[in-house]
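A.B. asks: First, the structure itself, so that you have it in front of you.
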Amino acid sequence: MTSNRPLLIPSPRTPNTHDLPTLPVFPDSAKPSSAMDSENPQPTLNSSSSRRSISSAQSKPSMRYGSRGADSEGAASQKEMNDEDVRIIHVNDLAQTNERFEFSGNSIRTTKYSVITFLPRNLFEQFHRVAYLYFLVIAVLNQLPQLAVFGRGVSILPLAFVLLVTAVKDAYEDYRRHRSDRIENNRLASVFVNHQFQLKKWKDVQVGEIIKIQANEGIPCDMVLLSTSDPTGVAYVQTINLDGESNLKTRYAKQETLSKLPEKDRIAGMIKCEKPNRNIYGFQAFMEVDGKRLSLGPSNIVLRGCELKNTHWALGVAVYAGRETKVMLNSSGAPSKRSRLETRMNYEIIMLSLFLVVLCSVVSLCAAVWLRRENDNLEDILFYRKKDYSEDEVENYKYYGWVLEIVFTFLMSIIVFQVMIPISLYISMELVRVGQAYFMIRDGQMYDEASNARFQCRALNINEDLGQIKYVFSDKTGTLTENKMEFQCASIWGVDYNGGRGSLEKDQLVHNVQIDGIVLRPKMNVKADPDLLRLLRSEKDTNEGKHVHEFFLALAACNTIVPLVTDSSDPNVRLIDYQGESPDEQALVYAAAAYGFMLIERTSGHITIDIQGERQRFSVLGLHEFDSDRKRMSVILGCPDKTVKVFVKGADTTMFSVTDRRLNLNIIRATEAHIHAYSSLGLRTLVVGMRELTASEFEQWHSSFEAASTALYGRAALLRKVAGNIENNLIILGASGIEDKLQLGVPEAIDSLRTAGVQVWVLTGDKQETAISIGYSSKLLTRRMTQILINSSSKESCRRSLEDAILMSKKLTTVSGDEHSTRGSPGHGITSLALIIDGTSLVYILDSELEEKLFELANRCSVVLCCRVAPLQKAGIVALVKNRTADMTLAIGDGANDVSMIQMADVGVGISGQEGRQAVMASDFAMGQFRFLVPLLLVHGHWNYQRMGYMILYNFYRNAVFVLILFWYVLFTCFTLTTAITEWSSMLYSIIYTALPTIVVGVLDKDLSRVTLLSYPQLYGAGHRQECYNTKLFWVTMVDTLWQSVAVFFIPLFAYWGSTIDTSSIGDLWTLSVVILVNIHLAMDIIRWSWITHAAIWGSIIATWICVIVIDAIPSLVGYWAIFDVMKTGPFWLCLLAIIIAALTPRFFVKFLCQYYSPCDVQIAREAEKFGNLRVSRPVQIEMNPIMELPRR
């Protein structure tokens, strides 16, 4: 059985270091950053935490994409905390804590409704759809006696059915949330009550109470640590439920409260902390205990949603509870997005509404003319008489004068023709999207075996948008690459140790340490350079050997890694698993271990490192976390030889600026050259430096650090200043090269996307050289491309660079003579351009008038590569394109720094990677690998768009043909709005008679096979050209609808002209013929038949016959026995056959002519697929239609 626990080896205090002060490992300013590497600069708005800054940035109501916000801090940290803007908690004193304000209880509620609010709130939300309001008005109008066309109950049934289905779905989802809340609120926690710990339900926990958490238990509320089972006050927590990160985080109790146990000592004190906020990586407070004022920071608080790991127990005091906890304040989902197709559909609905108004106006005007002409005969005209002769006193009835009759006729026309706007379309679209999502989730080709992650469909309302994506904005690290870092090489003191990067000794990979008969071995092996190993073993006393020693000591010590011991298959061997938030840090610590510098213990005051078999203990006197301003981190160590040294690692751009260039200038230049070479190979680089501190320097730093740590305002800025003062005049020890390999299939995926006409932009925090190297290996860049580099440090310089680049691109375009050659598929034209721009330039471009120039230039390039960009700049780049073009955008990333970009794009895709699940939680779709983007877009996106586009047009056609039949009938019945089709058939038409086939086809039909769509990515261009849904198709469909309605209505009319057939009988004939017609119409367009499709279409026709027969067999309803009478006549069957032939023949011939003389790409591929001639058709596919440019906004 594996035992995951921190390795705490009994070790005496380092000799002769008693005079060195011991400070906590973590200052109270920051959280360990997962962006420790130099390759991912991130903006900060508050303290030394890149992830914290993201949360802060997202919570701002408005943001400037161009600004990095380097020096801006939250208002709370800029002013002194006072009683007005803080909460005061008295430890273990509920009465005094709640004396001024009664703080929130710990009960949580994630539900939307209660029993009382469900009906009004759910109806309010549903009626946000304008179409629902339209049908509500229709139903209300039909309740008026003067306008009652249908039965009052029947008229409201369609709307009631749709509302009911949606309400049931919402109620079930909310019930599940209720159940989850109930389970969560009734969990038990150990709370100190009446001088002993008692079990208490989570919902009853209150602010100020002391809570005891056992190992592997969840944290019931946000609480400040008081003490832990570890003698140094360390607690390990897992935050996977909070931010999705599985690595353990370290939290600390203050030394002054460590020894206090509530069972033995009375714990009393006061905590002043900031008001509840969403920043899960920030916390500012101080605690007064025993007359001392102690500063509290993010490292002293554990949050609800975390779990205690590798720590037997921990004590804490509740500071935020229930809905005020940070996890609850962050419980909002990704922003709601609407499908582009559904948005465009509103235009057609408006057109249909106007057409409906025209029909109603025609009827009312004709009725006005007829009433004026027949005014003298209205008393006696059969079926209309305005006089009631049934009583002795003759009175007018159902006649309100000429003007009101016209108004009532118009309103009654709206009621009769209401189905012109298909209410069933909305629920059909929802059901189709659910079905499409099911098949996307079940797609085995989008299942990642490595992470056991299936495709996730987190937003059901934009499935069809996947078929129209024009721009893909991708992160690099963890998205295009694996984010599994491997140490490859190092430059130490100007010497490049790369071991040939291929001829490394396999027998020198593992370094072991033996303690009490147990062999400790790193969990992951690293290839070691033989020259470096030899130098460490035989020449460690030389000057060069000392520098190598210092270099690897820095790698082992300058980090926030926690060593954990796990069992192995050999009982005498234990594995050390280095847990950390940054994959780069893990790789460096494993590399140090491979070279004999094995980190084996970390506590709050010291670390123990086995150096070439000798265990040495170093006092950790202070640690400055990585932040995106400094882009480096540092640790101050008290060494066994009584010296104090500061070790620093970080990005080359900031490290070389704090070195003493007067010393060893040749070393610095050699290191810079090696870094450039590593970056050109696609490696991620970090620079390592150090210097020895004098006693006065250390004392000065110590006093400044303590003052900054206990500051009540501006703490983060002060700590940054202290770090900057100590991190200067460094000696450069060297640099590391870490490889982040490309994910499997990335080059092929990018090539397929670009062949499909999708532009791929890469937005990364890496250095330019690294990004360009990855660009070549991923086939994003080619050797034939002309690269445009923009690295400017001022606004004017950016302006000149952009203008020069635009001028050059125009010249190249003129030379090629092809405006599209700079934007086409890879290799299409000799003037393909690649724009490479850095984040510094974007600072001056975004949010300024230069945005237009950047967009113009980028629009002429086939590739755009943005380097050194911050998270908000990523969102700014997406917004740049999104606001200036009608094209669809997709953003894909795996880290918290990609959240802004993912939420800004039309479609956001999260990668379940190494950097937690924040990107997944903010995304619309989630998957395990970048290469799955190809089947997602080219296969499922194409299918979804084609199905949904056809389904919308078909629903418009299906309802319009029915309305037009009613309209023609009105013209032959003196415009009195009587109907031959029964009210029940009118209601069931869109629900039972024709609804199911539409849904089945929308879920199952496939115009092309998966193999064809993947083999010929150009077929994806159908979505770009909007071939499946556009205004032209809409009007062609309406013309076809008009003809079919004429055929359906007039053939039976002329066939039975002069006969004695009643209106109910001919109405049944029209009902059956229109249902058969629309289903056969649908059958003509189905490409892939299955037994489900057959059952849906032919079953609907059979169901219609059954319903009509049942309705006509009920004596109380109008038209009793009509269907049985009309079926006995010969013309009935001839009419059905004639209607089908006459209505569909023009459509058949038009389809034949279009597909034969002017086929689209999809039709060509379908023809080749049908006859098994795809290989022969390849030359035809090369001549596919160019992807037309859509109008710019």
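Letters for chains follow the order of the structure tokens (A, B, ...), residue numbers begin at 1 for each chain, and ligand numbers begin at 1 in the order shown.
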Can you tell me, as a list in words, what residues are no more than 10 Å from Arg630 of chain A when counting only C-alpha atoms, ignoring any on the same chain fewer than 4 positions away?
C.D. replies: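 In the requested form, the answer reads Pro41, Ser48, Ala70, Glu625, Phe626, Gly650, Ala651, Thr653, Thr654, Met655, Arg720, Lys721, Ala723, Gly724 and Glu727 of chain A.
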A.B. asks: Quick one: DSSP strand (DSSP E or B) residues in segment 709-899 of chain A, as a PyMOL selection string?
C.D. replies: chain A and resi 730-742+759-763+786-790+833-838+863-867+888-893
A.B. asks: Pull N, CA and C atoms from the residues just selected and write them as a short mmCIF file (atom, residue, chain, number, x, y, z; two decimals), in the first residue's frame.
C.D. replies:
```cif
data_model
loop_
_atom_site.label_atom_id
_atom_site.label_comp_id
_atom_site.auth_asym_id
_atom_site.auth_seq_id
_atom_site.Cartn_x
_atom_site.Cartn_y
_atom_site.Cartn_z
N LEU A 730 23.92 40.31 -8.83
CA LEU A 730 24.05 38.85 -8.79
C LEU A 730 25.21 38.37 -9.65
N ILE A 731 25.70 37.21 -9.27
CA ILE A 731 26.66 36.49 -10.10
C ILE A 731 25.87 35.44 -10.89
N ILE A 732 25.99 35.47 -12.19
CA ILE A 732 25.27 34.49 -13.02
C ILE A 732 25.98 33.16 -12.94
N LEU A 733 25.26 32.17 -12.44
CA LEU A 733 25.83 30.81 -12.37
C LEU A 733 25.63 30.06 -13.68
N GLY A 734 24.49 30.30 -14.34
CA GLY A 734 24.25 29.59 -15.59
C GLY A 734 22.78 29.65 -15.97
N ALA A 735 22.40 28.74 -16.83
CA ALA A 735 21.02 28.68 -17.30
C ALA A 735 20.65 27.24 -17.57
N SER A 736 19.37 26.94 -17.48
CA SER A 736 18.88 25.58 -17.72
C SER A 736 18.05 25.55 -19.00
N GLY A 737 18.05 24.41 -19.65
CA GLY A 737 17.21 24.20 -20.84
C GLY A 737 16.26 23.05 -20.59
N ILE A 738 14.98 23.33 -20.63
CA ILE A 738 13.96 22.31 -20.36
C ILE A 738 13.13 22.12 -21.62
N GLU A 739 12.89 20.88 -21.97
CA GLU A 739 12.12 20.57 -23.17
C GLU A 739 10.67 20.29 -22.81
N ASP A 740 9.81 20.96 -23.53
CA ASP A 740 8.37 20.70 -23.43
C ASP A 740 7.95 20.17 -24.80
N LYS A 741 7.82 18.85 -24.93
CA LYS A 741 7.61 18.23 -26.23
C LYS A 741 6.23 18.53 -26.79
N LEU A 742 6.18 18.56 -28.13
CA LEU A 742 4.89 18.72 -28.79
C LEU A 742 4.00 17.53 -28.49
N GLN A 759 -7.58 29.88 -39.83
CA GLN A 759 -6.34 30.56 -39.48
C GLN A 759 -5.99 30.25 -38.03
N VAL A 760 -4.78 29.77 -37.81
CA VAL A 760 -4.31 29.40 -36.48
C VAL A 760 -3.35 30.47 -35.98
N TRP A 761 -3.71 31.10 -34.89
CA TRP A 761 -2.85 32.07 -34.22
C TRP A 761 -2.38 31.46 -32.92
N VAL A 762 -1.10 31.59 -32.62
CA VAL A 762 -0.55 31.07 -31.37
C VAL A 762 -0.20 32.25 -30.48
N LEU A 763 -0.74 32.24 -29.27
CA LEU A 763 -0.51 33.30 -28.29
C LEU A 763 0.18 32.67 -27.09
N THR A 786 7.58 34.49 -45.43
CA THR A 786 8.30 35.72 -45.11
C THR A 786 7.88 36.16 -43.73
N GLN A 787 8.85 36.23 -42.81
CA GLN A 787 8.53 36.57 -41.43
C GLN A 787 8.59 38.08 -41.21
N ILE A 788 7.58 38.60 -40.55
CA ILE A 788 7.53 40.00 -40.16
C ILE A 788 7.66 40.06 -38.64
N LEU A 789 8.75 40.60 -38.15
CA LEU A 789 9.01 40.67 -36.72
C LEU A 789 8.72 42.09 -36.23
N ILE A 790 7.91 42.19 -35.17
CA ILE A 790 7.63 43.49 -34.56
C ILE A 790 7.99 43.39 -33.09
N LEU A 833 2.88 35.16 -45.57
CA LEU A 833 3.49 36.00 -44.55
C LEU A 833 3.21 35.43 -43.16
N ALA A 834 4.17 35.59 -42.27
CA ALA A 834 4.01 35.20 -40.87
C ALA A 834 4.34 36.41 -40.01
N LEU A 835 3.38 36.83 -39.22
CA LEU A 835 3.58 37.96 -38.32
C LEU A 835 3.97 37.44 -36.95
N ILE A 836 5.10 37.93 -36.44
CA ILE A 836 5.58 37.55 -35.12
C ILE A 836 5.73 38.83 -34.32
N ILE A 837 4.96 38.94 -33.25
CA ILE A 837 4.91 40.17 -32.47
C ILE A 837 5.00 39.84 -30.99
N ASP A 838 5.64 40.71 -30.22
CA ASP A 838 5.83 40.42 -28.80
C ASP A 838 4.86 41.23 -27.93
N VAL A 863 -0.16 33.38 -40.90
CA VAL A 863 0.18 32.93 -39.56
C VAL A 863 0.45 34.15 -38.70
N VAL A 864 -0.05 34.12 -37.47
CA VAL A 864 0.26 35.16 -36.49
C VAL A 864 0.76 34.47 -35.23
N LEU A 865 1.91 34.90 -34.76
CA LEU A 865 2.54 34.31 -33.59
C LEU A 865 2.85 35.43 -32.60
N CYS A 866 2.15 35.42 -31.45
CA CYS A 866 2.34 36.46 -30.43
C CYS A 866 3.15 35.87 -29.28
N CYS A 867 4.28 36.50 -28.97
CA CYS A 867 5.18 36.00 -27.94
C CYS A 867 5.15 36.92 -26.73
N MET A 888 -16.17 33.51 -37.16
CA MET A 888 -16.25 32.86 -35.86
C MET A 888 -14.85 32.62 -35.30
N THR A 889 -14.69 32.81 -33.99
CA THR A 889 -13.41 32.62 -33.34
C THR A 889 -13.49 31.50 -32.31
N LEU A 890 -12.39 30.78 -32.16
CA LEU A 890 -12.27 29.72 -31.16
C LEU A 890 -10.95 29.90 -30.43
N ALA A 891 -10.97 29.83 -29.12
CA ALA A 891 -9.76 29.91 -28.31
C ALA A 891 -9.59 28.61 -27.55
N ILE A 892 -8.36 28.12 -27.51
CA ILE A 892 -8.08 26.84 -26.85
C ILE A 892 -6.86 27.00 -25.96
N GLY A 893 -6.98 26.54 -24.73
CA GLY A 893 -5.87 26.64 -23.79
C GLY A 893 -6.07 25.68 -22.64
#
```
A.B. asks: Neighbouring residues of Ile726 of chain A were defined as those with any atom within 12 Å, considering only C-alpha atoms; residues of the same chain fewer than 4 positions away were excluded. Please report them as a VMD selection string.
C.D. replies: chain A and resid 622 to 624 633 to 636 645 to 648 658 to 659 690 to 694 697 to 702 704 to 705 719 to 722 730
A.B. asks: Under the rule that only C-alpha atoms are counted, which of A:Glu405, A:Asp1125, A:Asp380, A:Asp898 is the nearest residue to Asp1112 of chain A?
C.D. replies: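 Looking at the shortest contact to Asp1112 of chain A, the residue is A:Asp1125.
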A.B. asks: Please compute the atom CA of Val327 of chain A-atom CA of Phe283 of chain A distance, one decimal, in Å.
C.D. replies: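 Pair atom CA of Val327 of chain A / atom CA of Phe283 of chain A returns 13.5 Å.
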A.B. asks: Ile1087 of chain A: which residues within 9 Å, counting only C-alpha atoms, same-chain residues fewer than 3 positions away excluded, as a PyMOL selection string?
C.D. replies: chain A and resi 1005-1008+1083-1084
A.B. asks: Now that the selection is made, can you save its residues with N, CA and C atoms as an mmCIF file, in the first residue's frame?
C.D. replies:
```cif
data_model
loop_
_atom_site.group_PDB
_atom_site.id
_atom_site.type_symbol
_atom_site.label_atom_id
_atom_site.label_comp_id
_atom_site.auth_asym_id
_atom_site.auth_seq_id
_atom_site.Cartn_x
_atom_site.Cartn_y
_atom_site.Cartn_z
ATOM 1 N N ASP A 1005 -28.430 12.302 -39.138
ATOM 2 C CA ASP A 1005 -28.079 12.377 -40.558
ATOM 3 C C ASP A 1005 -26.630 12.833 -40.736
ATOM 4 N N LYS A 1006 -25.969 12.278 -41.739
ATOM 5 C CA LYS A 1006 -24.581 12.635 -42.053
ATOM 6 C C LYS A 1006 -24.471 12.824 -43.557
ATOM 7 N N ASP A 1007 -24.143 14.042 -43.966
ATOM 8 C CA ASP A 1007 -24.029 14.279 -45.406
ATOM 9 C C ASP A 1007 -22.783 13.636 -45.978
ATOM 10 N N LEU A 1008 -21.735 13.482 -45.153
ATOM 11 C CA LEU A 1008 -20.498 12.833 -45.589
ATOM 12 C C LEU A 1008 -19.957 11.984 -44.446
ATOM 13 N N ALA A 1083 -37.660 13.143 -46.465
ATOM 14 C CA ALA A 1083 -37.015 11.890 -46.879
ATOM 15 C C ALA A 1083 -36.142 12.097 -48.107
ATOM 16 N N MET A 1084 -36.538 13.018 -49.009
ATOM 17 C CA MET A 1084 -35.737 13.283 -50.208
ATOM 18 C C MET A 1084 -34.355 13.830 -49.869
#
```
A.B. asks: If you run DSSP on the backbone here, which positions in segment 906-1020 of chain A get helix (DSSP H, G or I)? Please write them as a ChimeraX atom specification.
C.D. replies: /A:918-921,930-971,983-993,995-1004,1010-1015,1017-1020
A.B. asks: Could you check which of A:Val620, A:Leu535, A:Ala677, A:Ala716 is closest to Glu769 of chain A, using only C-alpha atoms?
C.D. replies: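 Using only C-alpha atoms, the shortest distance to Glu769 of chain A belongs to A:Ala677.
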